[in-house]
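Structure file target.tsv; described as TSV, C-alpha atoms.
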chain	number	residue	atom	x	y	z
A	1	ASP	CA	8.92	-6.40	-17.82
A	2	GLY	CA	7.25	-7.99	-14.81
A	3	GLY	CA	4.73	-5.94	-12.96
A	4	ILE	CA	1.16	-5.02	-12.18
A	5	THR	CA	-1.03	-3.17	-14.64
A	6	GLN	CA	-4.13	-1.29	-13.59
A	7	SER	CA	-6.59	0.17	-16.05
A	8	PRO	CA	-7.99	2.59	-16.72
A	9	LYS	CA	-5.93	5.31	-15.08
A	10	TYR	CA	-8.98	7.56	-14.74
A	11	LEU	CA	-12.60	6.44	-14.54
A	12	PHE	CA	-15.83	8.37	-14.22
A	13	ARG	CA	-19.00	6.85	-12.86
A	14	LYS	CA	-22.52	8.13	-13.01
A	15	GLU	CA	-24.87	7.71	-10.08
A	16	GLY	CA	-26.34	4.21	-10.00
A	17	GLN	CA	-23.76	2.68	-12.33
A	18	ASN	CA	-21.52	-0.30	-11.71
A	19	VAL	CA	-17.94	0.05	-12.93
A	20	THR	CA	-15.11	-2.46	-13.09
A	21	LEU	CA	-11.44	-1.72	-12.45
A	22	SER	CA	-8.90	-4.02	-14.03
A	23	CYS	CA	-5.78	-5.44	-12.37
A	24	GLU	CA	-3.39	-7.79	-14.15
A	25	GLN	CA	-0.04	-9.14	-12.91
A	26	ASN	CA	2.67	-11.18	-14.61
A	27	LEU	CA	4.74	-11.78	-11.48
A	28	ASN	CA	3.28	-15.23	-10.88
A	29	HIS	CA	2.15	-14.12	-7.42
A	30	ASP	CA	-0.52	-16.12	-5.64
A	31	ALA	CA	-1.95	-13.28	-3.57
A	32	MET	CA	-3.61	-10.13	-4.88
A	33	TYR	CA	-5.14	-7.21	-3.01
A	34	TRP	CA	-7.33	-4.17	-3.56
A	35	TYR	CA	-6.85	-1.06	-1.45
A	36	ARG	CA	-8.69	2.22	-1.40
A	37	GLN	CA	-6.82	5.45	-0.65
A	38	ASP	CA	-8.53	8.65	0.48
A	39	PRO	CA	-6.75	11.83	1.55
A	40	GLY	CA	-5.57	11.50	5.14
A	41	GLN	CA	-6.88	7.94	5.42
A	42	GLY	CA	-3.97	5.85	4.29
A	43	LEU	CA	-4.61	2.57	2.48
A	44	ARG	CA	-7.68	0.58	3.47
A	45	LEU	CA	-8.14	-3.03	2.40
A	46	ILE	CA	-11.23	-3.79	0.29
A	47	TYR	CA	-10.76	-7.43	-0.78
A	48	TYR	CA	-7.93	-9.89	-1.12
A	49	SER	CA	-7.32	-13.25	-2.72
A	50	GLN	CA	-4.70	-15.74	-1.65
A	51	ILE	CA	-5.41	-18.26	-4.39
A	52	VAL	CA	-7.42	-18.63	-7.57
A	53	ASN	CA	-11.19	-19.00	-7.09
A	54	ASP	CA	-11.00	-17.78	-3.49
A	55	PHE	CA	-11.17	-14.33	-1.94
A	56	GLN	CA	-11.88	-12.66	1.39
A	57	LYS	CA	-13.45	-9.41	2.47
A	58	GLY	CA	-11.22	-6.72	3.85
A	59	ASP	CA	-12.10	-3.88	6.18
A	60	ILE	CA	-14.33	-1.93	3.77
A	61	ALA	CA	-15.87	-4.52	1.40
A	62	GLU	CA	-19.42	-3.16	1.40
A	63	GLY	CA	-20.44	-1.95	-2.06
A	64	TYR	CA	-17.60	-3.78	-3.83
A	65	SER	CA	-17.25	-7.19	-5.48
A	66	VAL	CA	-14.33	-9.14	-6.94
A	67	SER	CA	-13.55	-12.32	-8.82
A	68	ARG	CA	-10.37	-14.40	-9.19
A	69	GLU	CA	-10.87	-16.76	-12.11
A	70	LYS	CA	-7.25	-16.54	-13.25
A	71	LYS	CA	-4.03	-16.20	-11.27
A	72	GLU	CA	-3.04	-13.12	-13.27
A	73	SER	CA	-6.28	-11.17	-12.91
A	74	PHE	CA	-8.23	-9.70	-9.99
A	75	PRO	CA	-10.90	-7.23	-11.20
A	76	LEU	CA	-12.79	-5.02	-8.77
A	77	THR	CA	-16.38	-3.94	-9.40
A	78	VAL	CA	-17.63	-0.83	-7.66
A	79	THR	CA	-21.38	-1.29	-7.40
A	80	SER	CA	-24.14	1.27	-7.05
A	81	ALA	CA	-24.37	0.22	-3.39
A	82	GLN	CA	-21.06	1.99	-2.71
A	83	LYS	CA	-22.29	5.43	-1.72
A	84	ASN	CA	-19.00	7.27	-1.72
A	85	PRO	CA	-16.83	5.66	-4.41
A	86	THR	CA	-14.69	8.65	-5.35
A	87	ALA	CA	-11.16	7.59	-4.38
A	88	PHE	CA	-7.80	6.32	-5.61
A	89	TYR	CA	-7.84	2.52	-6.00
A	90	LEU	CA	-4.65	0.49	-5.75
A	91	CYS	CA	-4.06	-3.14	-6.64
A	92	ALA	CA	-1.14	-5.11	-5.25
A	93	SER	CA	0.28	-8.61	-5.43
A	94	ARG	CA	2.55	-10.62	-3.19
A	95	ALA	CA	4.34	-13.99	-3.10
A	96	GLY	CA	4.24	-15.56	0.35
A	97	ASP	CA	5.70	-13.28	3.02
A	98	THR	CA	7.78	-11.23	0.61
A	99	GLU	CA	7.23	-7.60	-0.23
A	100	ALA	CA	4.07	-6.49	-2.03
A	101	PHE	CA	4.17	-4.68	-5.37
A	102	PHE	CA	1.63	-2.12	-6.48
A	103	GLY	CA	0.09	-0.97	-9.72
A	104	GLN	CA	-0.10	2.70	-10.64
A	105	GLY	CA	-3.69	3.07	-9.46
A	106	THR	CA	-7.07	4.04	-10.87
A	107	ARG	CA	-8.66	7.31	-9.90
A	108	LEU	CA	-12.44	6.93	-9.80
A	109	THR	CA	-14.70	9.96	-9.78
A	110	VAL	CA	-18.47	10.11	-9.48
A	111	VAL	CA	-20.05	12.60	-11.87
B	112	GLN	CA	-5.70	2.02	19.35
B	113	LYS	CA	-4.97	1.59	15.65
B	114	GLU	CA	-2.76	-1.33	14.67
B	115	VAL	CA	-0.21	0.96	13.00
B	116	GLU	CA	0.38	4.58	13.95
B	117	GLN	CA	2.31	6.99	11.74
B	118	ASP	CA	2.61	10.74	12.12
B	119	PRO	CA	1.11	12.25	8.94
B	120	GLY	CA	3.32	15.33	9.04
B	121	PRO	CA	3.83	17.29	6.88
B	122	LEU	CA	7.56	17.24	7.49
B	123	SER	CA	9.69	19.88	5.81
B	124	VAL	CA	13.51	19.72	5.81
B	125	PRO	CA	16.35	21.49	3.95
B	126	GLU	CA	18.26	19.68	1.25
B	127	GLY	CA	21.05	17.55	2.70
B	128	ALA	CA	19.35	16.95	6.04
B	129	ILE	CA	18.93	13.55	7.65
B	130	VAL	CA	15.28	12.57	7.76
B	131	SER	CA	13.80	10.24	10.35
B	132	LEU	CA	10.40	8.66	9.73
B	133	ASN	CA	8.74	6.38	12.28
B	134	CYS	CA	5.86	4.02	12.90
B	135	THR	CA	4.62	2.26	16.00
B	136	TYR	CA	2.45	-0.82	16.05
B	137	SER	CA	0.44	-2.83	18.54
B	138	ASN	CA	0.33	-6.35	17.05
B	139	SER	CA	3.26	-8.37	18.37
B	140	ALA	CA	2.68	-10.96	15.61
B	141	PHE	CA	4.02	-8.61	12.94
B	142	GLN	CA	7.22	-10.04	11.47
B	143	TYR	CA	7.59	-8.41	8.06
B	144	PHE	CA	8.15	-4.67	7.71
B	145	MET	CA	8.20	-2.49	4.64
B	146	TRP	CA	8.63	1.13	3.68
B	147	TYR	CA	7.05	2.52	0.53
B	148	ARG	CA	7.46	5.85	-1.20
B	149	GLN	CA	4.47	7.31	-2.99
B	150	TYR	CA	4.57	10.29	-5.32
B	151	SER	CA	1.38	12.22	-5.90
B	152	ARG	CA	-1.19	10.29	-7.94
B	153	LYS	CA	1.14	7.29	-8.34
B	154	GLY	CA	1.23	3.80	-6.87
B	155	PRO	CA	3.51	3.14	-3.88
B	156	GLU	CA	6.99	1.86	-4.71
B	157	LEU	CA	8.93	-0.36	-2.35
B	158	LEU	CA	11.96	1.20	-0.67
B	159	MET	CA	12.93	-1.24	2.05
B	160	TYR	CA	11.89	-4.69	3.25
B	161	THR	CA	13.03	-6.21	6.53
B	162	TYR	CA	12.21	-9.31	8.47
B	163	SER	CA	12.04	-9.34	12.28
B	164	SER	CA	14.39	-7.01	14.17
B	165	GLY	CA	17.57	-5.29	13.08
B	166	ASN	CA	18.90	-2.78	10.57
B	167	LYS	CA	19.08	-2.78	6.81
B	168	GLU	CA	20.89	-0.26	4.65
B	169	ASP	CA	20.46	0.51	0.96
B	170	GLY	CA	22.28	3.54	-0.36
B	171	ARG	CA	20.98	6.63	1.42
B	172	PHE	CA	18.20	4.67	3.15
B	173	THR	CA	18.40	2.77	6.43
B	174	ALA	CA	15.51	0.82	7.95
B	175	GLN	CA	15.46	-0.15	11.61
B	176	VAL	CA	13.10	-2.50	13.41
B	177	ASP	CA	12.85	-2.71	17.19
B	178	LYS	CA	10.32	-5.43	17.94
B	179	SER	CA	10.73	-5.10	21.70
B	180	SER	CA	9.44	-1.53	21.46
B	181	LYS	CA	7.12	-2.21	18.49
B	182	TYR	CA	8.81	0.64	16.64
B	183	ILE	CA	10.21	0.94	13.13
B	184	SER	CA	12.16	3.74	11.51
B	185	LEU	CA	13.36	4.85	8.11
B	186	PHE	CA	16.35	7.19	7.86
B	187	ILE	CA	17.17	9.13	4.71
B	188	ARG	CA	20.67	10.60	4.54
B	189	ASP	CA	21.64	13.55	2.35
B	190	SER	CA	18.00	14.18	1.50
B	191	GLN	CA	17.23	15.51	-1.98
B	192	PRO	CA	14.25	17.44	-3.40
B	193	SER	CA	13.41	14.27	-5.35
B	194	ASP	CA	12.78	12.55	-1.99
B	195	SER	CA	9.71	14.77	-1.53
B	196	ALA	CA	6.84	12.29	-1.37
B	197	THR	CA	4.59	10.46	1.06
B	198	TYR	CA	6.26	7.61	2.93
B	199	LEU	CA	4.14	4.67	4.04
B	200	CYS	CA	5.11	2.01	6.53
B	201	ALA	CA	3.54	-1.43	6.14
B	202	MET	CA	3.75	-4.69	8.02
B	203	SER	CA	2.29	-8.18	8.22
B	204	ALA	CA	2.24	-11.19	10.47
B	205	TYR	CA	3.66	-14.57	9.53
B	206	SER	CA	0.85	-16.53	7.93
B	207	GLY	CA	1.56	-16.54	4.21
B	208	ASN	CA	0.10	-14.06	1.73
B	209	THR	CA	-1.65	-12.11	4.48
B	210	PRO	CA	-2.57	-8.51	3.69
B	211	LEU	CA	-0.25	-5.72	4.68
B	212	VAL	CA	-1.43	-3.25	7.28
B	213	PHE	CA	-0.42	0.31	6.47
B	214	GLY	CA	0.24	3.46	8.39
B	215	LYS	CA	-1.44	6.59	7.11
B	216	GLY	CA	1.77	7.90	5.59
B	217	THR	CA	4.07	10.84	6.33
B	218	ARG	CA	4.26	13.62	3.77
B	219	LEU	CA	7.86	14.83	3.34
B	220	SER	CA	9.08	17.96	1.57
B	221	VAL	CA	12.79	18.51	0.97
B	222	ILE	CA	13.49	22.15	0.23
B	223	ALA	CA	16.37	23.09	-2.10
Can you dump the structure from the file as structure tokens?
Amino acid sequence: DGGITQSPKYLFRKEGQNVTLSCEQNLNHDAMYWYRQDPGQGLRLIYYSQIVNDFQKGDIAEGYSVSREKKESFPLTVTSAQKNPTAFYLCASRAGDTEAFFGQGTRLTVV
Amino acid sequence: QKEVEQDPGPLSVPEGAIVSLNCTYSNSAFQYFMWYRQYSRKGPELLMYTYSSGNKEDGRFTAQVDKSSKYISLFIRDSQPSDSATYLCAMSAYSGNTPLVFGKGTRLSVIA
């Protein structure tokens, strides 16, 4: 089955820790995206990548980092500089101007 | 003014009702329009995808785009309790692989 896989489903972070969220797609899509979803806020763009080895900051990139070494993979690291990381994180991919497809999300909680 | 405006609701309707969900936008460059359905604690799933203006129908769902008014709609006929979810509109301009811009979502409850 083609699709986007995010892992883990739930993640807990201690204060001062960096954590990495995984996103893998087998749709052969060039573009991949990370969004953050908070209650009442909708989806806000963190980072996106239109091609391997290239990525751009979105609207709320501070405290996050990404890499795009392979077409299939776009991991997101939530660094200790992100002061309010508790949220639902969604990864998506897209081919050209077609529709975007989403993974099932990772819920990150600071403990 | 936000690029995409969507009434967050909540919207509550009886089973069998026709539901109308709407978004307005300010960027006239938007060409591609999508509606997603999101159940609680799940990723959004695509319902409808349209390009430029016009209507598109798929089963009980109809999407309309009026670019002259910068207004898009999603209609759900014969609504079911299983339609209870948050509905997100999304759109993008024509420039290849550009990120989607989302509305905040409308929470819908269909009461049996």
* To do: Kindly determine which residues of chain B lie within 7 Å of chain A, considering only C-alpha atoms, and give the answer as a PyMOL selection string.
  => chain B and resi 153-156+160+205+207-208+213-216
* Asked: Which is closest to B:Ser123 among B:Ser164, B:Asn138, B:Ser195, B:Gln149, if we use all atoms listed in the file?
  -> B:Ser195
B:Ala196 environment, 10 Å, all atoms listed in the file, sequence neighbours closer than 6 positions dropped, as a compact mmCIF listing (two decimals) with C-alpha atoms, in the frame of the given file:
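The file below, part_13.txt, is the result:
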# COMPACT_ATOMS: atom_id res chain seq x y z
CA TYR B 147 7.05 2.52 0.53
CA ARG B 148 7.46 5.85 -1.20
CA GLN B 149 4.47 7.31 -2.99
CA TYR B 150 4.57 10.29 -5.32
CA SER B 151 1.38 12.22 -5.90
CA GLY B 216 1.77 7.90 5.59
CA THR B 217 4.07 10.84 6.33
CA ARG B 218 4.26 13.62 3.77
CA LEU B 219 7.86 14.83 3.34
CA SER B 220 9.08 17.96 1.57
CA VAL B 221 12.79 18.51 0.97
* **Option closest in space to A:Thr5, from A:Arg36, A:Ala87, A:Asn53, A:Glu24 [counting all atoms listed in the file]** =>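 Of all the options, A:Glu24 lies closest to A:Thr5.
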* **Nearest residue to B:Ile129 from the set B:Leu211, B:Ile187, B:Cys200, B:Met145 (distances using only C-alpha atoms)** => B:Ile187
* **Among the residues B:Glu114, B:Cys134, B:Phe144, B:Thr209, the one that comes closest to B:Tyr182 [using only C-alpha atoms]** =>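 Ranking B:Glu114, B:Cys134, B:Phe144, B:Thr209 by distance to B:Tyr182, first place goes to B:Cys134.
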* To do: Quote the spacing between atom CA of A:Leu76 and atom CA of B:Thr197 in Å to one decimal place.
  =>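 The value is 25.3 Å.
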